[in-house]
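**Q** Right, I'll just put the structure down here and ask away after.
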Amino acid sequence: EKITLSVIKADVGGFVGHSAMHGDLIEEANRRLESAQGRGLIVDFHVTSCGDDLQLIMTHHKKPDNQEIHQLAWDTFKACTDVARKLKLYGAGQDLLADAFSGNVRGMGPGLAEMEFVERTSEPIIIFMADKTSAGAWNLPLYKIFADPFNTAGLVIAPTMHDGFRYEVHDVKGAKRIFFDTPQELYDLLVFIGATGRYLVKAVYARDGEIAAVSSTERLALIAGKYVGKDDPVCVVRSQGKFPAVGEVLEPFTMPHVVEGWMRGSHHGPLMPVPLRHATPSRFDGPPRVIALGFQLAGGRLIGPRDMFDDPGFDEARRLSNTLANHMRSHGPFEPHRLPMDEMEYTTLPQVMDRLKDRWEPLTKK
Ligand code: F6R
Ligand code: MG
Ligand code: MG
């Protein structure tokens, strides 16, 4: 029998500002999901947060894109929005872009990563959740985990992984997708996924077709047509056996790669791997954070979590993140700390342009 793992997330109110989550929202979400578990709709669940984003981790037998599961997530976010409104938390209901639920949360504001598979004898899973960054943040780590032999030793020395993997890449501006086999098509893959604002790794598969990883690719700005908050994406990775080992899955985060997001969604900064208790971006509303929760599945039950970045092995990455953050911050309003004009989520450019329109003098030859 197949099990489905659904991770559905939304920012429905921050405490304080956009920095973290109030405990009452976690409590309300737990109440809702507990009742759904009692009704038999879901097998198990875990509620957590990363920064100001509420994360619903659920297992069930209803398959991805299921209306009842999505309705449960939507109703939970709505209920938590009510709690956030009562406490006057910041940006209550921020990511709920639609007025009413219409069958599927896709395109309505929440981000989601769902996968269905037959649970193996042992099924270790890592769930990554990020705050203050956009959906493209997973491209580099997903490349390293499944295609870089300098990261993943198993690609070279494990017979189960030596054939490589298949990447599903979405063009989120062109609304189309393409598949690449690695290592054969590495260079073609990189041409696209190096452009993290447009080409997103949606999923990775083993060569036998088994799902290995899935990410949320919803881009809030494209859905809303304007800035309403950053995507703050999630990503689920299966591990061990014919998939990369847990340590190979976590290893890319020892290099705090520069992502977009941070203050006002308009700056580049390092993605800092942190334990859950430090998923509270406050310095200049950042720097961007990523957490990793590990679970073992047992008949759909979520055994865990283990807080995987709560390990001194990631101290150097955190120290380097702070060094990089200082360096980037010292650029102030200059690129490349600030995003290029056409990629900025906020801009006063139209207003300033309009006010100064009569003061521009043409540069013409006399
Ligand atoms: C970034 C983020 C924050 C806000 C900033 C201003 O994703 O959420 O950096 O953009 O705190 O927030 P507002 O515009 O709500 O005052
Ligand atoms: Mg927020
Ligand atoms: Mg957020």
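How things are named: the first chain in the structure tokens is A, the next is B, and so on; residues count from 1 in each chain; ligands count from 1 in the order shown.
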Env of region 226-243 of chain A: 7 Å cut, atoms = only C-alpha atoms, seq-sep filter 3 positions within chain, self excluded. Answer as a PyMOL selection string.
**A** chain A and resi 111+113+124-135+160-161+212-216+218-221+246+261+265+345-346
**Q** Ligand 2: which residues are within 9 Å, counting only C-alpha atoms and all ligand atoms? Reply as a list in words.
**A** Asp11, Val12, Gly13, Gly14, Phe15, Gly17, His18, Ser19, Ala20, Gly51, Asp52, Asp53, Tyr90, Gly91, Ala92, Gln94, Asp95, Lys132, Val228, Gly229 and Lys230 of chain A
**Q** Restricted to N, CA and C atoms, what would the selected residues look like written as a PDB file, in the first residue's frame?
**A**
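Saved the output as selection.pdb:
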```
ATOM      1  N   ASP A  11       2.450  31.415   5.513  1.00  0.00           N
ATOM      2  CA  ASP A  11       2.660  32.457   6.519  1.00  0.00           C
ATOM      3  C   ASP A  11       1.289  33.068   6.782  1.00  0.00           C
ATOM      4  N   VAL A  12       0.766  32.839   7.985  1.00  0.00           N
ATOM      5  CA  VAL A  12      -0.552  33.399   8.302  1.00  0.00           C
ATOM      6  C   VAL A  12      -0.470  34.382   9.464  1.00  0.00           C
ATOM      7  N   GLY A  13       0.751  34.855   9.744  1.00  0.00           N
ATOM      8  CA  GLY A  13       0.911  35.853  10.803  1.00  0.00           C
ATOM      9  C   GLY A  13       2.222  35.642  11.545  1.00  0.00           C
ATOM     10  N   GLY A  14       2.986  36.734  11.726  1.00  0.00           N
ATOM     11  CA  GLY A  14       4.295  36.631  12.354  1.00  0.00           C
ATOM     12  C   GLY A  14       4.313  37.195  13.763  1.00  0.00           C
ATOM     13  N   PHE A  15       5.297  36.734  14.545  1.00  0.00           N
ATOM     14  CA  PHE A  15       5.469  37.138  15.941  1.00  0.00           C
ATOM     15  C   PHE A  15       6.959  37.206  16.223  1.00  0.00           C
ATOM     16  N   GLY A  17       6.711  40.959  14.217  1.00  0.00           N
ATOM     17  CA  GLY A  17       6.977  41.311  12.819  1.00  0.00           C
ATOM     18  C   GLY A  17       6.915  40.022  12.000  1.00  0.00           C
ATOM     19  N   HIS A  18       7.929  39.816  11.155  1.00  0.00           N
ATOM     20  CA  HIS A  18       7.962  38.602  10.325  1.00  0.00           C
ATOM     21  C   HIS A  18       8.976  37.588  10.860  1.00  0.00           C
ATOM     22  N   SER A  19       9.342  37.687  12.161  1.00  0.00           N
ATOM     23  CA  SER A  19      10.511  36.921  12.618  1.00  0.00           C
ATOM     24  C   SER A  19      10.233  35.500  13.095  1.00  0.00           C
ATOM     25  N   ALA A  20       9.067  35.230  13.615  1.00  0.00           N
ATOM     26  CA  ALA A  20       8.826  33.889  14.173  1.00  0.00           C
ATOM     27  C   ALA A  20       7.330  33.609  14.300  1.00  0.00           C
ATOM     28  N   GLY A  51      10.734  30.379  10.983  1.00  0.00           N
ATOM     29  CA  GLY A  51      10.479  31.809  10.946  1.00  0.00           C
ATOM     30  C   GLY A  51       8.985  32.052  11.117  1.00  0.00           C
ATOM     31  N   ASP A  52       8.396  32.853  10.206  1.00  0.00           N
ATOM     32  CA  ASP A  52       6.969  33.173  10.318  1.00  0.00           C
ATOM     33  C   ASP A  52       6.087  32.227   9.512  1.00  0.00           C
ATOM     34  N   ASP A  53       6.639  31.076   9.107  1.00  0.00           N
ATOM     35  CA  ASP A  53       5.865  30.145   8.284  1.00  0.00           C
ATOM     36  C   ASP A  53       5.406  28.929   9.072  1.00  0.00           C
ATOM     37  N   TYR A  90       1.506  40.036  13.203  1.00  0.00           N
ATOM     38  CA  TYR A  90       1.819  40.795  12.008  1.00  0.00           C
ATOM     39  C   TYR A  90       1.539  40.022  10.715  1.00  0.00           C
ATOM     40  N   GLY A  91       0.829  40.677   9.806  1.00  0.00           N
ATOM     41  CA  GLY A  91       0.548  40.056   8.505  1.00  0.00           C
ATOM     42  C   GLY A  91      -0.388  38.861   8.622  1.00  0.00           C
ATOM     43  N   ALA A  92      -1.411  38.961   9.476  1.00  0.00           N
ATOM     44  CA  ALA A  92      -2.337  37.835   9.656  1.00  0.00           C
ATOM     45  C   ALA A  92      -2.982  37.460   8.311  1.00  0.00           C
ATOM     46  N   GLN A  94      -1.473  36.500   5.688  1.00  0.00           N
ATOM     47  CA  GLN A  94      -0.627  37.029   4.611  1.00  0.00           C
ATOM     48  C   GLN A  94      -0.606  36.203   3.321  1.00  0.00           C
ATOM     49  N   ASP A  95      -0.417  34.887   3.453  1.00  0.00           N
ATOM     50  CA  ASP A  95      -0.237  34.053   2.250  1.00  0.00           C
ATOM     51  C   ASP A  95      -1.543  33.477   1.695  1.00  0.00           C
ATOM     52  N   LYS A 132      12.513  33.484   4.512  1.00  0.00           N
ATOM     53  CA  LYS A 132      13.157  34.676   3.952  1.00  0.00           C
ATOM     54  C   LYS A 132      13.940  34.365   2.683  1.00  0.00           C
ATOM     55  N   VAL A 228       3.865  39.984  -1.997  1.00  0.00           N
ATOM     56  CA  VAL A 228       3.045  39.802  -0.793  1.00  0.00           C
ATOM     57  C   VAL A 228       3.831  39.112   0.311  1.00  0.00           C
ATOM     58  N   GLY A 229       5.068  38.702  -0.014  1.00  0.00           N
ATOM     59  CA  GLY A 229       5.906  37.962   0.922  1.00  0.00           C
ATOM     60  C   GLY A 229       6.753  37.017   0.103  1.00  0.00           C
ATOM     61  N   LYS A 230       7.820  36.474   0.719  1.00  0.00           N
ATOM     62  CA  LYS A 230       8.658  35.552  -0.036  1.00  0.00           C
ATOM     63  C   LYS A 230       8.051  34.155  -0.002  1.00  0.00           C
TER      64      LYS A 230
END
```
**Q** To one decimal place, how far is CA of Pro183 (chain A) from CA of Ala195 (chain A) in Å?
**A**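 Going from CA of Pro183 (chain A) over to CA of Ala195 (chain A) covers 19.3 Å.
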**Q** Report the distance between CA of Ala84 (chain A) and CA of Gly286 (chain A) in Å, rounded to one decimal place.
**A**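 Atom-to-atom, CA of Ala84 (chain A) to CA of Gly286 (chain A), that is 21.8 Å.
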**Q** When you count only C-alpha atoms and all ligand atoms, which of these residues is closest to ligand 3: A:Trp262, A:Phe180, A:Phe314, A:Trp360?
**A**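 Between A:Trp262, A:Phe180, A:Phe314, A:Trp360, the residue approaching ligand 3 most closely is A:Trp262.
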**Q** Which of region 17-195 of chain A end up as strand (DSSP E or B) when DSSP is run on this backbone - answer as number ranges by chain?
**A** A: 44-50, 53-60, 90, 111-118, 123-131, 133, 165-171, 176-181
**Q** His70 (chain A): which residues within 9 Å, counting only C-alpha atoms, same-chain residues fewer than 3 positions away excluded, as a ChimeraX atom specification?
**A** /A:8,65-67,73-75,101,103-106
